[in-house]
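Have a look at run_9.pdb below; it lists PDB, C-alpha atoms, pLDDT in the B column.
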```pdb
ATOM      1  CA  MET M   1     100.073  -5.325 -23.908  1.00 63.00           C
ATOM      2  CA  ASP M   2      96.712  -6.919 -24.680  1.00 77.00           C
ATOM      3  CA  ALA M   3      93.523  -6.423 -22.680  1.00 73.00           C
ATOM      4  CA  THR M   4      93.679  -9.847 -21.016  1.00 80.00           C
ATOM      5  CA  ALA M   5      97.218  -9.251 -19.744  1.00 83.00           C
ATOM      6  CA  GLU M   6      96.280  -5.758 -18.551  1.00 82.00           C
ATOM      7  CA  ALA M   7      93.213  -7.111 -16.706  1.00 82.00           C
ATOM      8  CA  ARG M   8      95.419  -9.766 -15.068  1.00 84.00           C
ATOM      9  CA  LEU M   9      97.852  -7.080 -13.858  1.00 87.00           C
ATOM     10  CA  VAL M  10      94.975  -5.055 -12.423  1.00 85.00           C
ATOM     11  CA  ALA M  11      93.637  -8.171 -10.666  1.00 87.00           C
ATOM     12  CA  GLN M  12      97.075  -8.812  -9.141  1.00 90.00           C
ATOM     13  CA  LEU M  13      97.352  -5.205  -7.964  1.00 88.00           C
ATOM     14  CA  LEU M  14      93.894  -5.340  -6.396  1.00 90.00           C
ATOM     15  CA  ALA M  15      94.727  -8.635  -4.675  1.00 90.00           C
ATOM     16  CA  LEU M  16      97.994  -7.288  -3.247  1.00 91.00           C
ATOM     17  CA  GLN M  17      97.058  -3.723  -2.342  1.00 93.00           C
ATOM     18  CA  GLY M  18      93.278  -3.557  -2.331  1.00 94.00           C
ATOM     19  CA  SER M  19      90.780  -3.867   0.484  1.00 96.00           C
ATOM     20  CA  PRO M  20      87.775  -6.199   0.579  1.00 97.00           C
ATOM     21  CA  THR M  21      84.882  -4.252  -0.937  1.00 98.00           C
ATOM     22  CA  THR M  22      81.118  -4.652  -1.188  1.00 98.00           C
ATOM     23  CA  ILE M  23      78.493  -3.141  -3.455  1.00 98.00           C
ATOM     24  CA  ASN M  24      75.100  -2.879  -1.764  1.00 98.00           C
ATOM     25  CA  GLY M  25      76.248  -5.476   0.770  1.00 97.00           C
ATOM     26  CA  SER M  26      77.498  -8.051  -1.754  1.00 97.00           C
ATOM     27  CA  ALA M  27      81.213  -8.896  -1.798  1.00 97.00           C
ATOM     28  CA  VAL M  28      82.879  -7.989  -5.109  1.00 96.00           C
ATOM     29  CA  GLY M  29      86.557  -8.614  -4.347  1.00 94.00           C
ATOM     30  CA  ASN M  30      89.157  -5.983  -3.547  1.00 96.00           C
ATOM     31  CA  GLY M  31      89.101  -2.303  -4.396  1.00 96.00           C
ATOM     32  CA  LEU M  32      91.809   0.352  -4.230  1.00 95.00           C
ATOM     33  CA  TRP M  33      90.486   3.148  -2.026  1.00 97.00           C
ATOM     34  CA  ALA M  34      91.868   6.692  -1.973  1.00 94.00           C
ATOM     35  CA  ARG M  35      90.710  10.175  -1.136  1.00 92.00           C
ATOM     36  CA  ALA M  36      89.680  11.778  -4.443  1.00 88.00           C
ATOM     37  CA  GLU M  37      92.151  14.196  -6.002  1.00 83.00           C
ATOM     38  CA  PRO M  38      90.968  17.812  -6.439  1.00 76.00           C
ATOM     39  CA  ASN M  39      90.754  17.461 -10.225  1.00 74.00           C
ATOM     40  CA  ARG M  40      88.444  14.449  -9.819  1.00 74.00           C
ATOM     41  CA  LEU M  41      86.087  16.453  -7.599  1.00 71.00           C
ATOM     42  CA  GLN M  42      85.066  18.489 -10.629  1.00 70.00           C
ATOM     43  CA  MET M  43      82.963  15.476 -11.683  1.00 67.00           C
ATOM     44  CA  LEU M  44      80.747  16.041  -8.641  1.00 70.00           C
ATOM     45  CA  MET M  45      80.487  19.808  -8.336  1.00 64.00           C
ATOM     46  CA  GLY M  46      76.693  19.641  -8.212  1.00 61.00           C
ATOM     47  CA  ASP M  47      76.886  17.626  -4.986  1.00 53.00           C
ATOM     48  CA  LEU M  48      78.503  20.416  -2.925  1.00 56.00           C
ATOM     49  CA  VAL M  49      81.541  18.243  -2.379  1.00 56.00           C
ATOM     50  CA  ALA M  50      83.550  21.060  -0.816  1.00 58.00           C
ATOM     51  CA  GLN M  51      81.981  20.182   2.531  1.00 63.00           C
ATOM     52  CA  GLN M  52      82.010  16.408   2.131  1.00 76.00           C
ATOM     53  CA  ALA M  53      84.657  13.705   1.917  1.00 86.00           C
ATOM     54  CA  VAL M  54      84.897  12.186  -1.561  1.00 89.00           C
ATOM     55  CA  TYR M  55      86.654   8.920  -2.322  1.00 93.00           C
ATOM     56  CA  GLU M  56      87.699   7.173  -5.503  1.00 94.00           C
ATOM     57  CA  VAL M  57      87.601   3.396  -5.676  1.00 96.00           C
ATOM     58  CA  LYS M  58      89.217   1.356  -8.430  1.00 95.00           C
ATOM     59  CA  LEU M  59      87.552  -2.007  -9.062  1.00 96.00           C
ATOM     60  CA  ALA M  60      88.146  -4.877 -11.471  1.00 93.00           C
ATOM     61  CA  GLY M  61      86.939  -4.213 -15.011  1.00 91.00           C
ATOM     62  CA  ASP M  62      84.583  -7.178 -14.984  1.00 90.00           C
ATOM     63  CA  LEU M  63      82.402  -5.227 -12.525  1.00 93.00           C
ATOM     64  CA  TRP M  64      81.481  -2.774 -15.303  1.00 93.00           C
ATOM     65  CA  GLY M  65      77.695  -2.570 -15.359  1.00 93.00           C
ATOM     66  CA  GLN M  66      77.362  -3.938 -11.814  1.00 95.00           C
ATOM     67  CA  VAL M  67      77.914  -0.666  -9.948  1.00 97.00           C
ATOM     68  CA  HIS M  68      75.652   2.327 -10.562  1.00 97.00           C
ATOM     69  CA  VAL M  69      75.091   5.870  -9.368  1.00 95.00           C
ATOM     70  CA  GLY M  70      73.231   5.659  -6.063  1.00 96.00           C
ATOM     71  CA  ASP M  71      74.754   2.325  -5.005  1.00 98.00           C
ATOM     72  CA  GLU M  72      76.527   1.989  -1.675  1.00 98.00           C
ATOM     73  CA  VAL M  73      80.131   0.814  -1.874  1.00 98.00           C
ATOM     74  CA  ALA M  74      81.875  -0.171   1.353  1.00 97.00           C
ATOM     75  CA  ASN M  75      85.430  -0.909   2.426  1.00 97.00           C
ATOM     76  CA  VAL M  76      85.031  -3.969   4.671  1.00 97.00           C
ATOM     77  CA  ALA M  77      88.419  -3.483   6.359  1.00 95.00           C
ATOM     78  CA  THR M  78      87.854   0.131   7.441  1.00 95.00           C
ATOM     79  CA  GLY M  79      84.066   0.406   7.515  1.00 95.00           C
ATOM     80  CA  LEU M  80      84.192   3.377   5.133  1.00 96.00           C
ATOM     81  CA  ARG M  81      81.020   3.620   3.039  1.00 97.00           C
ATOM     82  CA  ILE M  82      80.285   5.847   0.062  1.00 96.00           C
ATOM     83  CA  VAL M  83      77.291   6.609  -2.109  1.00 95.00           C
ATOM     84  CA  VAL M  84      78.321   6.377  -5.751  1.00 95.00           C
ATOM     85  CA  ARG M  85      77.958   9.639  -7.680  1.00 92.00           C
ATOM     86  CA  TRP M  86      80.028   8.849 -10.791  1.00 92.00           C
ATOM     87  CA  VAL M  87      81.151   5.653 -12.562  1.00 95.00           C
ATOM     88  CA  ASP M  88      83.610   5.309 -15.424  1.00 92.00           C
ATOM     89  CA  VAL M  89      85.566   2.506 -17.053  1.00 93.00           C
ATOM     90  CA  SER M  90      89.117   2.391 -18.379  1.00 89.00           C
ATOM     91  CA  ASP M  91      89.330  -0.039 -21.253  1.00 86.00           C
ATOM     92  CA  LEU M  92      91.896  -1.465 -23.606  1.00 84.00           C
ATOM     93  CA  ALA M  93      90.674  -2.281 -27.112  1.00 83.00           C
ATOM     94  CA  GLY M  94      87.091  -2.133 -25.832  1.00 84.00           C
ATOM     95  CA  VAL M  95      87.676  -4.578 -22.943  1.00 82.00           C
ATOM     96  CA  PRO M  96      86.926  -3.082 -19.491  1.00 87.00           C
ATOM     97  CA  VAL M  97      90.068  -3.213 -17.345  1.00 88.00           C
ATOM     98  CA  VAL M  98      89.340  -0.870 -14.400  1.00 92.00           C
ATOM     99  CA  VAL M  99      86.060   0.526 -13.119  1.00 95.00           C
ATOM    100  CA  ASN M 100      86.548   3.903 -11.413  1.00 94.00           C
ATOM    101  CA  VAL M 101      83.931   4.993  -8.876  1.00 95.00           C
ATOM    102  CA  LEU M 102      83.647   8.377  -7.178  1.00 93.00           C
ATOM    103  CA  GLY M 103      81.438   8.683  -4.152  1.00 92.00           C
ATOM    104  CA  ILE M 104      80.542  10.843  -1.198  1.00 90.00           C
ATOM    105  CA  ALA M 105      81.383   9.326   2.187  1.00 92.00           C
ATOM    106  CA  LEU M 106      78.522   8.198   4.395  1.00 90.00           C
ATOM    107  CA  SER M 107      80.949   7.364   7.171  1.00 73.00           C
ATOM    108  CA  GLU M 108      84.641   7.907   7.837  1.00 66.00           C
TER     109      GLU M 108
END
```

Whole structure, structure tokens version:
Amino acid sequence: MDATAEARLVAQLLALQGSPTTINGSAVGNGLWARAEPNRLQMLMGDLVAQQAVYEVKLAGDLWGQVHVGDEVANVATGLRIVVRWVDVSDLAGVPVVVNVLGIALSE
């Protein structure tokens, strides 16, 4: 599968299963929100995450470079807000397909 087709599949998944999401108050489309898995928490060990709720949000690849550590990402539907502590991109042939964000919850 090529990068364009993969990005289209991700966009469809986000549209069907994602929640409206904002970055620093600006709407960016849908994101897939989930409680971070224990193995993902290792990325944030310096933040004392054992006592805090950590979430992972998957966003469209075209948002690569638009979300940074320290930004606030919010789930409009639930009101959940996180402060970004780690950002990564999954790419296919160098084309960003999914932006993965880990953050510590400000509210739950």

Nearest to M:Val10 among M:Leu32, M:Ile104, M:Ala53, M:Leu41, with distances taken over only C-alpha atoms: which residue is it? M:Leu32

Name the residues in contact with M:Gly29 at a cut-off of 9 Å, using all atoms listed in the file, excluding same-chain residues fewer than 4 positions from it; report them as a list in words. Leu14, Ala15, Gly18, Ser19, Pro20, Thr21, Thr22, Leu59 and Ala60 of chain M

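Restricting the calculation to only C-alpha atoms, the smallest distance between M:Val54 and any of M:Val69, M:Leu13, M:Ala77, M:Ile82 is found for M:Ile82.
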
Surrounding residues of M:Leu102 excluding itself and chain neighbours under 2 positions, 8 Å, all atoms listed in the file, as number ranges by chain: M: 36, 54-57, 84-87, 100, 104

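If you look at atom CA of M:Gly79 and atom CA of M:Ser107, they are 7.6 Å away from each other.
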